[in-house]
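So this one's entry_22.csv, CSV, C-alpha atoms and all ligand atoms:
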chain,number,residue,atom,x,y,z
A,1,MET,CA,146.0,35.1,43.0
A,2,VAL,CA,149.2,33.6,41.6
A,3,VAL,CA,149.5,32.6,38.0
A,4,VAL,CA,152.8,31.1,36.7
A,5,GLU,CA,152.9,30.4,32.9
A,6,HIS,CA,155.6,28.6,31.0
A,7,VAL,CA,158.4,29.8,33.3
A,8,ALA,CA,161.9,28.7,32.6
A,9,ARG,CA,165.1,29.4,34.6
A,10,SER,CA,168.6,28.2,33.9
A,11,PHE,CA,171.9,29.0,35.5
A,12,PRO,CA,175.5,28.8,34.1
A,13,ASN,CA,177.1,25.5,35.2
A,14,GLY,CA,180.6,25.2,34.0
A,15,SER,CA,180.6,25.2,30.2
A,16,GLU,CA,177.0,24.2,30.1
A,17,ARG,CA,173.8,25.5,31.6
A,18,LEU,CA,171.7,24.0,34.4
A,19,GLU,CA,168.2,23.9,33.0
A,20,LEU,CA,166.6,24.1,36.4
A,21,LEU,CA,163.0,25.1,35.6
A,22,GLN,CA,161.9,24.2,32.1
A,23,ASP,CA,158.2,24.8,31.6
A,24,VAL,CA,156.5,25.5,34.8
A,25,THR,CA,152.8,26.4,34.7
A,26,PHE,CA,150.3,26.5,37.6
A,27,ALA,CA,147.9,28.8,39.4
A,28,VAL,CA,146.9,29.2,43.0
A,29,SER,CA,143.5,30.8,43.8
A,30,PRO,CA,142.6,32.9,46.8
A,31,GLY,CA,142.1,30.7,49.9
A,32,GLU,CA,144.1,27.9,48.4
A,33,ARG,CA,147.1,26.1,49.9
A,34,LEU,CA,149.6,24.6,47.6
A,35,ALA,CA,152.4,22.4,48.8
A,36,VAL,CA,155.5,22.0,46.6
A,37,THR,CA,157.8,19.1,47.2
A,38,GLY,CA,160.8,17.8,45.4
A,39,ALA,CA,164.4,16.5,46.0
A,40,SER,CA,167.0,18.9,47.3
A,41,GLY,CA,168.4,20.9,44.4
A,42,SER,CA,165.3,20.4,42.2
A,43,GLY,CA,164.6,24.2,42.2
A,44,LYS,CA,161.9,24.8,44.8
A,45,SER,CA,163.6,27.8,46.5
A,46,THR,CA,164.4,29.2,43.0
A,47,LEU,CA,160.7,28.9,42.1
A,48,LEU,CA,159.7,30.8,45.2
A,49,SER,CA,162.3,33.5,44.5
A,50,LEU,CA,160.8,34.0,41.0
A,51,ILE,CA,157.3,34.4,42.4
A,52,ALA,CA,158.6,36.9,45.0
A,53,GLY,CA,160.3,38.9,42.2
A,54,LEU,CA,163.7,38.4,43.9
A,55,ASP,CA,164.9,36.7,40.7
A,56,ALA,CA,163.6,36.9,37.1
A,57,PRO,CA,162.8,34.0,34.8
A,58,ASP,CA,164.5,33.5,31.4
A,59,SER,CA,161.1,33.3,29.8
A,60,GLY,CA,157.4,32.9,30.8
A,61,SER,CA,155.2,35.2,33.0
A,62,ILE,CA,154.2,35.5,36.6
A,63,VAL,CA,151.2,37.3,37.9
A,64,VAL,CA,150.7,37.9,41.6
A,65,ALA,CA,147.5,39.6,43.0
A,66,ASP,CA,146.5,40.7,39.5
A,67,ARG,CA,149.8,42.3,38.7
A,68,THR,CA,152.4,41.0,36.2
A,69,ILE,CA,155.7,41.0,38.1
A,70,THR,CA,157.8,39.8,35.2
A,71,GLY,CA,159.4,42.8,33.6
A,72,MET,CA,158.8,45.2,36.6
A,73,ASP,CA,161.8,47.3,37.4
A,74,THR,CA,163.5,46.6,40.7
A,75,GLU,CA,162.1,49.5,42.6
A,76,THR,CA,158.5,48.7,41.6
A,77,VAL,CA,158.8,45.1,42.4
A,78,THR,CA,160.3,45.8,45.8
A,79,ARG,CA,157.5,48.1,46.7
A,80,PHE,CA,154.9,45.6,45.3
A,81,ARG,CA,156.5,42.7,47.4
A,82,ALA,CA,156.4,44.7,50.6
A,83,ARG,CA,152.6,45.2,50.2
A,84,HIS,CA,151.4,42.0,48.7
A,85,ILE,CA,153.9,39.1,49.5
A,86,GLY,CA,154.9,37.6,52.8
A,87,LEU,CA,158.1,35.6,52.7
A,88,VAL,CA,159.1,32.9,55.2
A,89,PHE,CA,162.4,31.7,53.8
A,90,GLN,CA,165.1,29.2,54.8
A,91,PHE,CA,167.4,32.0,55.6
A,92,HIS,CA,165.6,34.7,57.5
A,93,TYR,CA,167.6,37.9,56.8
A,94,LEU,CA,166.7,39.3,60.2
A,95,LEU,CA,168.4,42.6,61.0
A,96,ARG,CA,170.9,41.7,63.6
A,97,ASP,CA,171.1,45.2,65.2
A,98,PHE,CA,167.4,45.4,65.8
A,99,THR,CA,165.4,43.7,68.5
A,100,ALA,CA,163.0,40.9,67.7
A,101,GLU,CA,160.1,43.3,68.1
A,102,GLU,CA,161.7,45.9,65.8
A,103,ASN,CA,162.3,43.3,63.2
A,104,VAL,CA,158.7,42.3,63.2
A,105,MET,CA,157.3,45.8,63.1
A,106,LEU,CA,159.7,47.3,60.5
A,107,PRO,CA,157.8,46.3,57.4
A,108,ALA,CA,154.6,47.9,58.6
A,109,TYR,CA,156.4,51.0,59.8
A,110,ILE,CA,158.1,51.3,56.4
A,111,ALA,CA,154.8,50.9,54.7
A,112,GLY,CA,153.5,53.9,56.6
A,113,LEU,CA,151.7,52.6,59.6
A,114,SER,CA,152.2,54.7,62.8
A,115,ARG,CA,154.9,53.4,65.2
A,116,ARG,CA,152.2,52.7,67.7
A,117,ASP,CA,149.9,50.7,65.4
A,118,ALA,CA,152.9,48.8,64.0
A,119,LEU,CA,154.0,47.9,67.5
A,120,GLU,CA,150.6,46.8,68.5
A,121,ARG,CA,150.2,44.5,65.5
A,122,ALA,CA,153.7,43.1,65.9
A,123,ARG,CA,153.0,42.2,69.5
A,124,GLY,CA,149.8,40.5,68.6
A,125,LEU,CA,151.5,38.3,66.1
A,126,MET,CA,154.4,37.6,68.5
A,127,GLU,CA,151.9,36.6,71.1
A,128,GLU,CA,150.2,34.2,68.7
A,129,LEU,CA,153.5,32.6,67.9
A,130,GLY,CA,154.6,32.3,71.5
A,131,ILE,CA,157.7,34.6,71.3
A,132,ILE,CA,156.3,37.7,73.0
A,133,ASP,CA,158.6,37.3,76.0
A,134,ARG,CA,161.6,37.4,73.5
A,135,ARG,CA,160.6,40.7,72.1
A,136,GLU,CA,163.6,42.7,73.4
A,137,ARG,CA,166.2,40.3,72.3
A,138,LEU,CA,168.5,40.5,69.3
A,139,PRO,CA,168.1,37.8,66.7
A,140,ALA,CA,171.6,36.4,67.6
A,141,HIS,CA,170.3,35.6,71.1
A,142,LEU,CA,167.4,33.6,69.9
A,143,SER,CA,167.2,29.9,69.0
A,144,GLY,CA,166.8,28.8,65.4
A,145,GLY,CA,163.1,28.0,66.0
A,146,GLU,CA,162.5,31.3,67.7
A,147,ARG,CA,164.1,33.1,64.7
A,148,GLN,CA,161.9,31.1,62.4
A,149,ARG,CA,158.8,32.2,64.2
A,150,LEU,CA,160.0,35.8,64.2
A,151,ALA,CA,160.5,35.6,60.5
A,152,CYS,CA,157.0,34.3,60.1
A,153,ALA,CA,155.5,37.1,62.3
A,154,ARG,CA,157.4,39.6,60.1
A,155,ALA,CA,156.1,38.1,56.9
A,156,LEU,CA,152.5,38.5,58.1
A,157,MET,CA,152.9,42.0,59.3
A,158,ASN,CA,151.6,43.8,56.2
A,159,ASP,CA,148.7,41.3,55.8
A,160,PRO,CA,150.0,40.0,52.4
A,161,ASP,CA,147.8,38.5,49.7
A,162,VAL,CA,150.2,35.7,49.0
A,163,VAL,CA,152.5,33.9,51.5
A,164,LEU,CA,155.5,32.0,50.2
A,165,ALA,CA,157.0,29.7,52.8
A,166,ASP,CA,160.1,27.7,52.3
A,167,GLU,CA,160.4,24.9,54.8
A,168,PRO,CA,158.9,27.1,57.5
A,169,THR,CA,158.8,24.4,60.1
A,170,GLY,CA,162.3,23.1,59.3
A,171,ASN,CA,163.9,24.2,62.6
A,172,LEU,CA,160.9,23.7,64.8
A,173,ASP,CA,159.9,21.1,67.4
A,174,GLU,CA,156.5,19.4,67.0
A,175,GLU,CA,154.6,21.8,69.1
A,176,ASN,CA,155.9,25.0,67.5
A,177,SER,CA,155.6,23.4,64.1
A,178,ALA,CA,151.9,22.8,64.7
A,179,LEU,CA,151.5,26.4,66.0
A,180,LEU,CA,153.1,28.0,63.0
A,181,THR,CA,151.2,25.7,60.5
A,182,GLU,CA,148.0,26.6,62.2
A,183,LEU,CA,148.7,30.3,62.0
A,184,LEU,CA,149.6,30.2,58.3
A,185,PHE,CA,146.6,27.9,57.4
A,186,ASP,CA,144.2,29.9,59.5
A,187,LEU,CA,145.3,33.2,57.8
A,188,VAL,CA,144.8,31.7,54.4
A,189,ALA,CA,141.4,30.3,55.1
A,190,ARG,CA,140.0,33.3,57.1
A,191,ARG,CA,141.3,36.0,54.8
A,192,GLU,CA,141.2,34.3,51.4
A,193,LYS,CA,145.0,34.5,51.0
A,194,SER,CA,147.1,32.1,48.9
A,195,LEU,CA,149.8,30.0,50.4
A,196,ILE,CA,152.6,28.3,48.6
A,197,LEU,CA,154.4,26.0,50.9
A,198,VAL,CA,157.7,24.2,50.1
A,199,THR,CA,158.1,21.2,52.4
A,200,HIS,CA,159.6,17.8,52.7
A,201,ASP,CA,157.1,17.0,55.4
A,202,THR,CA,154.5,14.7,53.8
A,203,GLY,CA,152.1,15.2,56.7
A,204,LEU,CA,152.2,18.9,56.3
A,205,ALA,CA,151.9,18.7,52.5
A,206,GLY,CA,148.9,16.4,52.9
A,207,GLN,CA,147.0,19.1,54.8
A,208,CYS,CA,147.1,21.3,51.7
A,209,GLU,CA,144.4,21.3,49.0
A,210,ARG,CA,147.0,20.5,46.4
A,211,VAL,CA,150.5,18.9,46.3
A,212,LEU,CA,152.8,19.4,43.3
A,213,ARG,CA,156.2,17.8,42.9
A,214,LEU,CA,159.1,19.5,41.1
A,215,GLU,CA,161.1,17.0,39.2
A,216,GLY,CA,163.2,17.3,36.0
A,217,GLY,CA,162.4,21.0,35.7
A,218,GLU,CA,158.7,20.4,35.7
A,219,LEU,CA,155.9,20.6,38.3
A,220,ARG,CA,153.6,17.6,38.3
A,221,ALA,CA,150.6,16.6,40.4
A,222,VAL,CA,151.3,14.1,43.1
A,223,ALA,CA,148.9,11.2,42.9
B,301,LIG,N1,172.1,32.0,41.3
B,301,LIG,C1,172.4,30.7,41.0
B,301,LIG,N2,173.5,30.4,40.2
B,301,LIG,C2,173.8,29.2,39.9
B,301,LIG,N3,173.2,28.1,40.3
B,301,LIG,C3,172.1,28.3,41.1
B,301,LIG,C4,171.7,29.6,41.5
B,301,LIG,N4,170.6,29.5,42.3
B,301,LIG,C5,170.4,28.2,42.4
B,301,LIG,N5,171.3,27.4,41.7
B,301,LIG,C6,171.3,26.0,41.6
B,301,LIG,O1,170.0,25.5,41.3
B,301,LIG,C7,169.8,24.3,42.0
B,301,LIG,C8,168.5,24.3,42.7
B,301,LIG,O2,168.6,25.2,43.8
B,301,LIG,P1,167.3,25.5,44.8
B,301,LIG,O3,167.9,26.3,46.0
B,301,LIG,O4,166.2,26.1,44.1
B,301,LIG,O5,166.9,24.0,45.2
B,301,LIG,P2,165.9,23.5,46.3
B,301,LIG,O6,164.9,22.6,45.6
B,301,LIG,O7,165.3,24.6,47.0
B,301,LIG,O8,166.7,22.6,47.3
B,301,LIG,P3,166.7,22.3,48.9
B,301,LIG,O9,165.6,21.3,49.1
B,301,LIG,O10,168.0,21.7,49.2
B,301,LIG,O11,166.4,23.7,49.5
B,301,LIG,C9,171.0,24.0,42.9
B,301,LIG,O12,171.8,23.0,42.3
B,301,LIG,C10,171.7,25.3,43.0
B,301,LIG,O13,173.1,25.2,43.1
B,302,MG,MG,165.4,25.3,49.0
Rewrite the structure of this file - the entire thing - as structure tokens.
Ligand SMILES: Nc1ncnc2c1ncn2[C@@H]1O[C@H](COP(=O)(O)OP(=O)(O)OP(=O)(O)O)[C@@H](O)[C@H]1O
Ligand SMILES: [Mg+2]
Amino acid sequence: MVVVEHVARSFPNGSERLELLQDVTFAVSPGERLAVTGASGSGKSTLLSLIAGLDAPDSGSIVVADRTITGMDTETVTRFRARHIGLVFQFHYLLRDFTAEENVMLPAYIAGLSRRDALERARGLMEELGIIDRRERLPAHLSGGERQRLACARALMNDPDVVLADEPTGNLDEENSALLTELLFDLVARREKSLILVTHDTGLAGQCERVLRLEGGELRAVA
């Protein structure tokens, strides 16, 4: 479902280059949950951006849901992302002039679902995540944890093949963290999706089939 081969990514860093990812190779199959850990600044978010097609590697190839996304033009990759990839990132990019509910339903509405069906699906997900009573609010009037759950509901709207989650439980209390984890894990298991989860939480990582650690530009298995 996700195949990353020999991916490298560097950034300019003064007069030198920061060789962030050097030779990253791994695959995630349908129904599999992969946790990625690593120190702050090791390149975890950068790796997810590459898999989402938000950034392009210097070399190597990335295949998501049987399509090679490396080399796709921006418009094609944007359309592909909307259909196949669900993103739950550290910064949520919620639309501030739209209500919670509108933020959640928008991806499906844009993808061509009727307003009524999009709304019904959005409400179902918001119900599951315990934010249904916040549906009329603007993102600015929600707590950090509520915004996080909103972003998660939005990511799941189009029933993506691959979910990329960057510290999805970072702002959440224990109860909501468990709720969100259960929803993500359940989705993966029930519908044979792939989940790549960046987390510092060893308990959470331990619930995944596989844990890899990003260190020195390489991804290694954690014993
Ligand atoms: N576009 C860019 N230009 C220059 N440097 C960048 C760029 N994107 C990321 N970096 C650098 O790459 C390094 C890794 O960033 P990244 O966000 O991937 O780390 P991370 O592992 O997700 O860290 P954290 O756990 O703190 O979220 C950082 O030092 C960052 O400054
Ligand atoms: Mg990060």
Practice prompt. With all atoms listed in the file counted, collect every polymer residue having an atom within 9 Å of ligand MG 302 (chain B); state the result as JSON, numbers by chain.
Written response: {"A": [40, 41, 42, 43, 44, 45, 46, 48, 89, 90, 166, 167, 198]}
Item to complete: Name each residue within 12 Å of ligand LIG 301 (chain B), counting all atoms listed in the file, as a PyMOL selection string.
Response: chain A and resi 9-14+16-21+36-50+54-57+89-91+165-168+170+197-201+213-219
Discussion item. Taking all atoms listed in the file into account, name the residue in A:Leu212, A:Val77, A:Phe185, A:Arg115 that is nearest to Thr25 (chain A).
Written reply: A:Leu212
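Considering all atoms listed in the file, the residue among A:Leu113, A:Leu125, A:Leu106, A:Val4 positioned nearest to Val63 (chain A) is A:Val4.
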Practice prompt. Take CA of Val28 (chain A) and CA of Ala8 (chain A) and report the distance between them in Å, one decimal.
Written response: 18.3 Å
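Taking CA of His6 (chain A) and CA of Val163 (chain A) as the two end points, the separation is 21.4 Å.
Candidate residues A:Ser194, A:Thr78, A:Gln22, A:Asn158 were compared for distance to Ala65 (chain A), and the nearest is A:Ser194, using only C-alpha atoms.
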Worksheet item: Can you tell me how far CA of Cys152 (chain A) sits from CA of Val104 (chain A), in Å to one decimal?
Response: 8.7 Å
